[in-house]
Each structure stands twice: as structure tokens, then as C-alpha cells.
>>> print(open('protein-v2.cif').read())   # mmCIF, C-alpha atoms (C1' of nucleotides)
data_start
loop_
_atom_site.label_atom_id
_atom_site.label_comp_id
_atom_site.auth_asym_id
_atom_site.auth_seq_id
_atom_site.Cartn_x
_atom_site.Cartn_y
_atom_site.Cartn_z
CA MET A 1000 46.34 90.01 -113.18
CA ASN A 1001 45.49 88.13 -116.35
CA ALA A 1002 47.01 84.96 -117.64
CA VAL A 1003 49.88 86.42 -119.67
CA GLN A 1004 50.98 88.57 -116.76
CA ALA A 1005 51.09 85.55 -114.49
CA LEU A 1006 53.07 83.74 -117.14
CA GLU A 1007 55.69 86.49 -117.35
CA THR A 1008 56.32 86.54 -113.62
CA ALA A 1009 56.56 82.77 -113.55
CA THR A 1010 59.10 82.57 -116.37
CA ALA A 1011 61.10 85.37 -114.78
CA ASP A 1012 61.37 83.35 -111.59
CA ALA A 1013 62.53 80.33 -113.52
CA CYS A 1014 65.23 82.10 -115.50
CA CYS A 1015 68.03 81.85 -112.96
CA ALA A 1016 67.01 78.84 -110.93
CA PRO A 1017 69.28 75.78 -111.16
CA ALA A 1018 66.29 73.62 -112.12
CA ALA A 1019 65.07 71.97 -108.95
CA ARG A 1020 63.51 68.52 -108.90
CA PRO A 1021 60.05 69.20 -110.36
CA LEU A 1022 61.55 70.99 -113.35
CA LEU A 1023 58.29 72.58 -114.37
CA GLY A 1024 56.13 73.15 -111.32
CA ALA A 1025 52.44 72.35 -111.39
CA GLU A 1026 51.35 75.97 -111.02
CA ASP A 1027 53.74 77.23 -113.67
CA ALA A 1028 52.57 74.50 -116.01
CA GLN A 1029 48.98 75.49 -115.41
CA ASP A 1030 49.72 79.14 -116.17
CA ARG A 1031 51.40 78.26 -119.43
CA ALA A 1032 48.71 75.78 -120.41
CA ARG A 1033 46.06 78.44 -119.88
CA ILE A 1034 47.63 80.67 -122.53
CA LEU A 1035 48.30 77.83 -124.92
CA LYS A 1036 44.74 76.60 -124.59
CA ALA A 1037 43.54 79.98 -125.77
CA LEU A 1038 45.83 79.53 -128.77
CA SER A 1039 44.79 75.97 -129.50
CA ASP A 1040 41.73 76.76 -131.61
CA PRO A 1041 42.05 77.39 -135.36
CA ASN A 1042 39.43 80.12 -135.39
CA ARG A 1043 41.15 81.97 -132.57
CA LEU A 1044 44.46 81.77 -134.41
CA ARG A 1045 42.81 83.28 -137.45
CA LEU A 1046 41.28 86.01 -135.32
CA LEU A 1047 44.70 86.92 -133.98
CA SER A 1048 46.13 86.88 -137.48
CA ILE A 1049 43.48 89.25 -138.80
CA VAL A 1050 43.80 91.59 -135.84
CA LYS A 1051 47.58 91.65 -136.14
CA SER A 1052 47.47 92.57 -139.81
CA GLY A 1053 44.55 94.93 -139.47
CA ASP A 1054 44.83 98.65 -140.11
CA GLY A 1055 46.50 100.20 -137.07
CA GLY A 1056 46.96 96.71 -135.62
CA GLU A 1057 43.30 96.54 -134.67
CA ALA A 1058 40.00 95.23 -135.95
CA CYS A 1059 36.37 95.45 -134.93
CA VAL A 1060 34.01 92.50 -134.58
CA CYS A 1061 32.26 93.35 -137.84
CA ASP A 1062 35.58 92.81 -139.65
CA LEU A 1063 36.03 89.43 -138.00
CA THR A 1064 32.67 87.77 -138.40
CA GLU A 1065 32.61 87.36 -142.15
CA PRO A 1066 36.08 85.96 -142.99
CA LEU A 1067 35.71 83.20 -140.38
CA ASP A 1068 32.25 82.12 -141.46
CA LEU A 1069 31.08 82.04 -137.86
CA GLY A 1070 28.12 83.60 -136.11
CA GLN A 1071 28.65 86.91 -134.34
CA PRO A 1072 28.07 85.46 -130.85
CA THR A 1073 30.67 82.79 -131.51
CA VAL A 1074 33.23 85.38 -132.58
CA SER A 1075 32.51 87.45 -129.47
CA HIS A 1076 32.97 84.34 -127.40
CA HIS A 1077 36.38 83.60 -128.92
CA LEU A 1078 37.45 87.21 -128.51
CA LYS A 1079 36.53 87.08 -124.84
CA ILE A 1080 38.70 84.01 -124.38
CA LEU A 1081 41.63 85.78 -126.03
CA VAL A 1082 41.11 88.88 -123.89
CA ASP A 1083 40.87 86.81 -120.71
CA ALA A 1084 44.12 85.07 -121.69
CA GLY A 1085 45.81 88.46 -121.95
CA LEU A 1086 46.47 88.14 -125.67
CA LEU A 1087 44.03 90.78 -126.92
CA SER A 1088 42.83 94.06 -125.52
CA ARG A 1089 39.42 95.58 -126.15
CA GLU A 1090 38.65 99.24 -126.69
CA LYS A 1091 35.11 100.42 -127.29
CA ARG A 1092 34.73 103.47 -129.49
CA GLY A 1093 31.13 104.41 -130.06
CA THR A 1094 29.11 101.45 -131.18
CA TRP A 1095 32.16 99.53 -132.31
CA ALA A 1096 34.55 97.40 -130.28
CA TYR A 1097 38.15 97.39 -131.48
CA TYR A 1098 40.48 94.56 -130.58
CA SER A 1099 44.26 94.76 -130.74
CA LEU A 1100 47.20 92.55 -129.77
CA VAL A 1101 48.64 93.03 -126.30
CA PRO A 1102 52.32 93.95 -126.91
CA GLY A 1103 54.66 91.12 -126.04
CA ALA A 1104 51.92 88.61 -125.33
CA LEU A 1105 52.61 86.37 -128.32
CA GLU A 1106 56.34 86.56 -127.62
CA ALA A 1107 55.73 85.49 -124.02
CA ALA A 1108 53.60 82.57 -125.17
CA SER A 1109 56.27 81.56 -127.64
CA GLU A 1110 58.92 81.70 -124.95
CA SER A 1111 56.82 79.57 -122.62
CA ILE A 1112 57.20 76.75 -125.15
CA LEU A 1113 60.90 77.22 -125.81
CA ALA A 1114 61.72 77.48 -122.11
CA LEU A 1115 60.38 74.10 -121.14
CA MET B 1075 53.35 62.90 -142.06
CA ASN B 1076 52.67 63.95 -138.52
CA ALA B 1077 51.38 67.28 -137.29
CA VAL B 1078 54.71 69.06 -136.85
CA GLN B 1079 55.84 68.08 -140.33
CA ALA B 1080 52.65 69.48 -141.81
CA LEU B 1081 53.21 72.62 -139.82
CA GLU B 1082 56.70 73.11 -141.18
CA THR B 1083 55.64 72.81 -144.79
CA ALA B 1084 52.77 75.19 -144.21
CA THR B 1085 54.92 77.88 -142.60
CA ALA B 1086 57.49 77.46 -145.34
CA ASP B 1087 54.85 78.20 -147.93
CA ALA B 1088 53.76 81.28 -146.07
CA CYS B 1089 57.21 82.75 -145.61
CA CYS B 1090 57.43 84.54 -148.95
CA ALA B 1091 53.82 85.13 -149.77
CA PRO B 1092 52.62 88.77 -149.79
CA ALA B 1093 49.88 87.90 -147.32
CA ALA B 1094 46.75 87.35 -149.38
CA ARG B 1095 43.28 88.17 -148.09
CA PRO B 1096 42.66 85.30 -145.64
CA LEU B 1097 45.93 86.03 -143.86
CA LEU B 1098 45.96 82.72 -142.04
CA GLY B 1099 44.18 80.07 -144.08
CA ALA B 1100 41.77 77.67 -142.47
CA GLU B 1101 43.96 74.61 -143.11
CA ASP B 1102 47.12 76.28 -141.87
CA ALA B 1103 45.28 77.43 -138.77
CA GLN B 1104 44.08 73.90 -138.15
CA ASP B 1105 47.59 72.49 -138.47
CA ARG B 1106 48.96 74.97 -135.98
CA ALA B 1107 46.05 74.50 -133.59
CA ARG B 1108 46.64 70.76 -133.60
CA ILE B 1109 50.17 71.21 -132.24
CA LEU B 1110 49.17 73.89 -129.76
CA LYS B 1111 46.33 71.74 -128.48
CA ALA B 1112 48.86 69.05 -127.62
CA LEU B 1113 50.75 71.71 -125.67
CA SER B 1114 47.70 73.11 -123.90
CA ASP B 1115 47.60 70.68 -121.00
CA PRO B 1116 49.67 71.30 -117.87
CA ASN B 1117 50.56 67.65 -117.39
CA ARG B 1118 51.79 67.35 -120.96
CA LEU B 1119 53.95 70.44 -120.50
CA ARG B 1120 55.47 68.87 -117.43
CA LEU B 1121 56.05 65.63 -119.32
CA LEU B 1122 57.94 67.53 -122.01
CA SER B 1123 59.94 69.36 -119.37
CA ILE B 1124 60.97 66.15 -117.65
CA VAL B 1125 61.87 64.44 -120.91
CA LYS B 1126 63.88 67.43 -122.07
CA SER B 1127 65.93 67.51 -118.89
CA GLY B 1128 66.21 63.78 -118.56
CA ASP B 1129 69.49 61.91 -118.84
CA GLY B 1130 70.37 61.73 -122.52
CA GLY B 1131 67.33 63.84 -123.29
CA GLU B 1132 65.04 60.89 -122.77
CA ALA B 1133 62.88 59.29 -120.11
CA CYS B 1134 60.86 56.14 -119.73
CA VAL B 1135 57.28 55.93 -118.55
CA CYS B 1136 58.31 54.71 -115.15
CA ASP B 1137 60.21 57.97 -114.62
CA LEU B 1138 57.17 60.00 -115.60
CA THR B 1139 54.36 58.41 -113.63
CA GLU B 1140 55.43 59.34 -110.14
CA PRO B 1141 56.35 63.07 -110.41
CA LEU B 1142 53.04 63.88 -112.07
CA ASP B 1143 50.90 61.99 -109.60
CA LEU B 1144 48.91 60.42 -112.39
CA GLY B 1145 48.00 56.84 -113.20
CA GLN B 1146 50.16 54.97 -115.66
CA PRO B 1147 47.43 54.69 -118.31
CA THR B 1148 46.90 58.44 -118.15
CA VAL B 1149 50.58 59.12 -118.65
CA SER B 1150 50.67 56.74 -121.61
CA HIS B 1151 47.67 58.53 -123.04
CA HIS B 1152 49.35 61.94 -122.79
CA LEU B 1153 52.54 60.57 -124.28
CA LYS B 1154 50.62 59.21 -127.24
CA ILE B 1155 49.10 62.63 -127.85
CA LEU B 1156 52.55 64.20 -127.81
CA VAL B 1157 53.92 61.57 -130.17
CA ASP B 1158 50.99 61.97 -132.57
CA ALA B 1159 51.58 65.72 -132.55
CA GLY B 1160 55.18 65.12 -133.61
CA LEU B 1161 56.65 66.55 -130.44
CA LEU B 1162 57.98 63.34 -128.91
CA SER B 1163 59.44 60.19 -130.39
CA ARG B 1164 59.18 56.76 -128.86
CA GLU B 1165 61.87 54.10 -128.81
CA LYS B 1166 61.27 50.77 -127.19
CA ARG B 1167 64.28 49.08 -125.63
CA GLY B 1168 63.41 45.81 -124.00
CA THR B 1169 60.45 46.17 -121.72
CA TRP B 1170 60.91 49.92 -121.39
CA ALA B 1171 59.72 52.67 -123.67
CA TYR B 1172 61.96 55.71 -123.90
CA TYR B 1173 60.58 59.05 -125.03
CA SER B 1174 62.65 61.94 -126.33
CA LEU B 1175 62.01 65.35 -127.86
CA VAL B 1176 61.79 65.54 -131.64
CA PRO B 1177 64.54 68.00 -132.65
CA GLY B 1178 63.14 71.33 -133.76
CA ALA B 1179 59.56 70.50 -132.89
CA LEU B 1180 59.26 72.95 -129.99
CA GLU B 1181 60.97 75.62 -132.05
CA ALA B 1182 58.49 75.06 -134.88
CA ALA B 1183 55.57 75.32 -132.46
CA SER B 1184 57.01 78.51 -131.02
CA GLU B 1185 57.41 79.97 -134.49
CA SER B 1186 53.83 79.10 -135.38
CA ILE B 1187 52.76 81.55 -132.68
CA LEU B 1188 55.19 84.31 -133.56
CA ALA B 1189 54.41 84.08 -137.28
CA LEU B 1190 50.73 84.82 -136.98
"C1'" DG C 630 12.72 109.91 -128.13
"C1'" DG C 631 12.52 105.98 -131.31
"C1'" DG C 632 14.45 102.98 -134.38
"C1'" DA C 633 18.45 100.89 -136.15
"C1'" DT C 634 23.06 99.15 -135.50
"C1'" DT C 635 26.88 96.93 -133.08
"C1'" DC C 636 28.27 93.90 -129.77
"C1'" DA C 637 27.77 90.96 -125.41
"C1'" DT C 638 25.29 87.53 -122.73
"C1'" DT C 639 22.40 83.55 -121.80
"C1'" DG C 640 20.85 78.92 -122.40
"C1'" DA C 641 20.98 74.73 -124.83
"C1'" DT C 642 23.22 71.03 -127.42
"C1'" DG C 643 26.44 67.99 -129.46
"C1'" DA C 644 31.38 67.01 -129.48
"C1'" DT C 645 35.79 66.59 -127.41
"C1'" DG C 646 39.01 65.78 -123.55
"C1'" DG C 647 41.20 64.10 -119.08
"C1'" DT C 648 41.11 60.55 -115.90
"C1'" DC C 649 40.77 56.00 -113.99
"C1'" DA C 650 39.92 50.79 -113.49
"C1'" DA C 651 40.36 46.79 -115.91
"C1'" DT C 652 42.43 44.26 -119.40
"C1'" DA C 653 45.60 43.20 -123.13
"C1'" DT C 654 50.27 43.06 -125.01
"C1'" DT C 655 55.10 42.65 -125.14
"C1'" DC C 656 59.38 41.32 -123.32
"C1'" DG C 657 63.05 39.31 -120.14
"C1'" DG C 658 64.24 35.62 -116.93
"C1'" DG C 659 64.19 31.23 -114.76
"C1'" DC D 663 57.06 27.65 -121.45
"C1'" DC D 664 55.31 30.17 -117.89
"C1'" DC D 665 55.70 34.19 -114.68
"C1'" DG D 666 56.34 38.85 -113.59
"C1'" DA D 667 57.27 43.54 -114.97
"C1'" DA D 668 56.57 47.59 -118.08
"C1'" DT D 669 53.62 49.68 -121.13
"C1'" DA D 670 49.55 50.15 -124.23
"C1'" DT D 671 44.63 49.81 -125.07
"C1'" DT D 672 39.68 49.72 -124.00
"C1'" DG D 673 35.54 51.36 -121.96
"C1'" DA D 674 33.28 54.37 -119.06
"C1'" DC D 675 32.42 58.77 -116.63
"C1'" DC D 676 32.40 63.53 -115.80
"C1'" DA D 677 33.99 68.09 -117.19
"C1'" DT D 678 34.95 71.38 -120.59
"C1'" DC D 679 34.30 73.42 -125.13
"C1'" DA D 680 32.60 75.24 -129.65
"C1'" DT D 681 28.64 76.61 -131.71
"C1'" DC D 682 24.14 78.62 -132.47
"C1'" DA D 683 19.45 80.98 -131.64
"C1'" DA D 684 17.44 84.23 -128.90
"C1'" DT D 685 17.78 88.05 -126.12
"C1'" DG D 686 19.82 92.07 -123.80
"C1'" DA D 687 22.64 96.37 -123.49
"C1'" DA D 688 24.79 100.37 -125.30
"C1'" DT D 689 25.29 103.84 -128.82
"C1'" DC D 690 24.37 106.66 -132.89
"C1'" DC D 691 21.27 109.09 -136.07
"C1'" DC D 692 16.98 111.17 -137.72
#
>>> encode(input="protein-v2.cif", output="C-alpha cells")
Amino acid sequence: MNAVQALETATADACCAPAARPLLGAEDAQDRARILKALSDPNRLRLLSIVKSGDGGEACVCDLTEPLDLGQPTVSHHLKILVDAGLLSREKRGTWAYYSLVPGALEAASESILAL
Amino acid sequence: MNAVQALETATADACCAPAARPLLGAEDAQDRARILKALSDPNRLRLLSIVKSGDGGEACVCDLTEPLDLGQPTVSHHLKILVDAGLLSREKRGTWAYYSLVPGALEAASESILAL
DNA sequence: GGGATTCATTGATGATGGTCAATATTCGGG
DNA sequence: CCCGAATATTGACCATCATCAATGAATCCC
């Protein structure tokens, strides 16, 4: 289970609870912070933006290296962080690796802020 | 102008643009990342949660130190980060400092994720 | 099969961040 | 005016992070 999946189960649990004493539990907070940390880098935000608006909702690494003015290893590193956070999914077709948004992941992250 | 205010003007500019080449500009990305970075720590999320649910929508430092199991200087440090990010506001009454949510700030942060 | 291409991984480095102990500051009360 | 309480600030320490150069792994094409 990746980070976004953990987040969704956690927020589902919290939806009907009458807000006990520690309003936001330590574990829940850690789950949410994990996702938000992946979103807290400007280059990663731009990566998500490019992927989201890419043709077919996807983009390969070669499309992402140039507009960010970063080295290819650095871009791969950021993409890995986004995949590990459950925000992006990776599909390898031939020599190329195509990244696309995980459906609902950004909405879940957004909700984790509103539902504090 | 704090970080949330900069974020609001930036997203307002982007709302009607036909999405030029660099879909999310470097400066806009940096503004959004600044807010999200303030939200990317579990203890700060819990601080926001406690403040939001506090009596009158506010809480003083003495109410925040114990439930987080952190030292008082650390809590003050986190609160300063949240204030600088434009998420919390500080009002000193007597010896106590009361923190409260800046209206619309969480909603703006949430939107900065959805509007990638 | 060999070379070229695309991407991931490793290792290193400088910068940033979270935490605490100690100290400073500000304010109310006697 | 001085004392105690609440909070902020400073300095230090260790961990994490963003980045790059170099290398490795997988795939396609001739």
C-alpha cells in the first residue's frame, strides 16, 4: 500500500468520528505529511503539471528533462518520489517510461488539507 | 505580502490563461511549494488541527505544547513557520499568544494542488 | 550481436530542516 | 520595581533533501 492509499483509508475512518481528544492522530498526520512533502517541491509540482496536461495525460522522462532545466538523474529522482507517494504511476513501453497521474490522488491530497 | 497572498494572486492570474508552454511557471511553482512545505510536517498539521477545533477557533501555545509532546521552543518554531506561510495569525493578549487560522488559507492551499 | 538510446541507480556534496537546551523578552502582579 | 509566568529567539546538532557526475540496466535498430 502506497502513501495515498493509506491516506484514503485514514480519512475515511475520520469522516464519521465525533473528533476525539487528539483531533488529528500522530499516525494520520504522518500519512498526510508524507503526501504533502512530495508536493512541497517546486520542480515536482511542475512535473505533475506537465504530466497532467500531456497528451493522453502522460509524459515520458525525455519530455520532462528539458522544460525544468534539470539533469536527467534529478528528474528521475523526483519522479520516483512522486510514484512512491502514490501520485504518479509509471508504465514502461519499449525504451521509454511514461508517467501519468494516479486518478483521485490529487483530490485526496487536497482533501487531506481541507479536512484538518 | 505573505506566502498565501502571493499564492492567491498567482492562481488568479492563471485562471483565464490558455495554458502557455511552461504550464506551471517556475515562480508560481515556488509560491505553491512554499505553502505546501509548511504543511508537510506532521506536527504542524496537528497544530493546525488543534487550532481549528479550539474554542473560538484559536489556541494559545500552552494548549499546544502538551498534546504534541514537543518542547515549547519547538512548538513556537513550528507556529512561526505557519504564520510566515500565511496559514495562521498571531494575536497577543497579555502574556499569552493566541493563534488562529487565516480564513481561506487552507482552501487556497487545497486549490493550489487541484489546479495543477 | 553491437552500438546507440532511454532511463534508473549509486555515491558524494552542499543546503535545508526538526529538535532541544539555554537565554532573552514581554507582561501581569504584589 | 522586582519576580514569576508565557512565549520568542539563539546556537548547536543530527537527519533529510536536492542536485549532479558517473555508472549500470534494459531496449531498439542496423
>>> resolve_selection(input="protein-v2.cif", expression="the PyMOL selection byres ((chain A and resi 1102) around 12)", output="PyMOL selection string")
chain A and resi 1003-1004+1051+1056+1085-1088+1099-1101+1103-1108
>>> resolve_selection(input="protein-v2.cif", expression="the PyMOL selection byres ((chain B) within 7 of (chain C))", output="number ranges by chain")
B: 1148, 1168-1169
>>> closest_atom_pairs(input="protein-v2.cif", of="chain B", to="chain D", cutoff="10 Å", atoms="all atoms listed in the file", output="tab-separated table")
residue	atom	partner	partner_atom	distance
B:Cys1134	CA	D:DA668	C1'	9.7
B:Val1135	CA	D:DT669	C1'	7.7
B:Cys1136	CA	D:DA668	C1'	7.9
B:Gln1146	CA	D:DT669	C1'	8.4
B:Pro1147	CA	D:DA670	C1'	7.8
B:Ser1150	CA	D:DA670	C1'	7.2
B:His1151	CA	D:DA670	C1'	8.7
B:Lys1154	CA	D:DA670	C1'	9.6
B:Lys1166	CA	D:DT669	C1'	9.8
B:Gly1168	CA	D:DA668	C1'	9.2
B:Thr1169	CA	D:DA668	C1'	5.5
B:Trp1170	CA	D:DA668	C1'	5.9
B:Ala1171	CA	D:DT669	C1'	7.3
>>> write_last_selection(input="protein-v2.cif", atoms="C-alpha atoms", output="CSV table (one decimal), keeping the file's coordinate frame")
chain,number,residue,atom,x,y,z
B,1134,CYS,CA,60.9,56.1,-119.7
B,1135,VAL,CA,57.3,55.9,-118.6
B,1136,CYS,CA,58.3,54.7,-115.2
B,1146,GLN,CA,50.2,55.0,-115.7
B,1147,PRO,CA,47.4,54.7,-118.3
B,1150,SER,CA,50.7,56.7,-121.6
B,1151,HIS,CA,47.7,58.5,-123.0
B,1154,LYS,CA,50.6,59.2,-127.2
B,1166,LYS,CA,61.3,50.8,-127.2
B,1168,GLY,CA,63.4,45.8,-124.0
B,1169,THR,CA,60.4,46.2,-121.7
B,1170,TRP,CA,60.9,49.9,-121.4
B,1171,ALA,CA,59.7,52.7,-123.7
>>> interface_residues(input="protein-v2.cif", of="chain B", to="chain A", cutoff="10 Å", atoms="all atoms listed in the file", output="JSON, numbers by chain")
{"B": [1093, 1095, 1096, 1097, 1098, 1099, 1100, 1101, 1102, 1103, 1104, 1105, 1106, 1107, 1108, 1109, 1110, 1111, 1112, 1113, 1114, 1115, 1116, 1117, 1118, 1119, 1120, 1121, 1122, 1123, 1124, 1125, 1126, 1127, 1141, 1142, 1179, 1180, 1181, 1182, 1183, 1184, 1185, 1186, 1187, 1188, 1189, 1190]}
>>> write_last_selection(input="protein-v2.cif", atoms="C-alpha atoms", output="short mmCIF file (atom, residue, chain, number, x, y, z; two decimals), keeping the file's coordinate frame")
data_model
loop_
_atom_site.label_atom_id
_atom_site.label_comp_id
_atom_site.auth_asym_id
_atom_site.auth_seq_id
_atom_site.Cartn_x
_atom_site.Cartn_y
_atom_site.Cartn_z
CA ALA B 1093 49.88 87.90 -147.32
CA ARG B 1095 43.28 88.17 -148.09
CA PRO B 1096 42.66 85.30 -145.64
CA LEU B 1097 45.93 86.03 -143.86
CA LEU B 1098 45.96 82.72 -142.04
CA GLY B 1099 44.18 80.07 -144.08
CA ALA B 1100 41.77 77.67 -142.47
CA GLU B 1101 43.96 74.61 -143.11
CA ASP B 1102 47.12 76.28 -141.87
CA ALA B 1103 45.28 77.43 -138.77
CA GLN B 1104 44.08 73.90 -138.15
CA ASP B 1105 47.59 72.49 -138.47
CA ARG B 1106 48.96 74.97 -135.98
CA ALA B 1107 46.05 74.50 -133.59
CA ARG B 1108 46.64 70.76 -133.60
CA ILE B 1109 50.17 71.21 -132.24
CA LEU B 1110 49.17 73.89 -129.76
CA LYS B 1111 46.33 71.74 -128.48
CA ALA B 1112 48.86 69.05 -127.62
CA LEU B 1113 50.75 71.71 -125.67
CA SER B 1114 47.70 73.11 -123.90
CA ASP B 1115 47.60 70.68 -121.00
CA PRO B 1116 49.67 71.30 -117.87
CA ASN B 1117 50.56 67.65 -117.39
CA ARG B 1118 51.79 67.35 -120.96
CA LEU B 1119 53.95 70.44 -120.50
CA ARG B 1120 55.47 68.87 -117.43
CA LEU B 1121 56.05 65.63 -119.32
CA LEU B 1122 57.94 67.53 -122.01
CA SER B 1123 59.94 69.36 -119.37
CA ILE B 1124 60.97 66.15 -117.65
CA VAL B 1125 61.87 64.44 -120.91
CA LYS B 1126 63.88 67.43 -122.07
CA SER B 1127 65.93 67.51 -118.89
CA PRO B 1141 56.35 63.07 -110.41
CA LEU B 1142 53.04 63.88 -112.07
CA ALA B 1179 59.56 70.50 -132.89
CA LEU B 1180 59.26 72.95 -129.99
CA GLU B 1181 60.97 75.62 -132.05
CA ALA B 1182 58.49 75.06 -134.88
CA ALA B 1183 55.57 75.32 -132.46
CA SER B 1184 57.01 78.51 -131.02
CA GLU B 1185 57.41 79.97 -134.49
CA SER B 1186 53.83 79.10 -135.38
CA ILE B 1187 52.76 81.55 -132.68
CA LEU B 1188 55.19 84.31 -133.56
CA ALA B 1189 54.41 84.08 -137.28
CA LEU B 1190 50.73 84.82 -136.98
#
>>> atom_distance(input="protein-v2.cif", atom1="CA of Glu1057 in chain A", atom2="CA of Val1074 in chain A")
15.2 Å
>>> atom_distance(input="protein-v2.cif", atom1="CA of Leu1063 in chain A", atom2="CA of Leu1081 in chain A")
13.7 Å
>>> atom_distance(input="protein-v2.cif", atom1="CA of Ala1084 in chain A", atom2="CA of Asp1054 in chain A")
22.9 Å
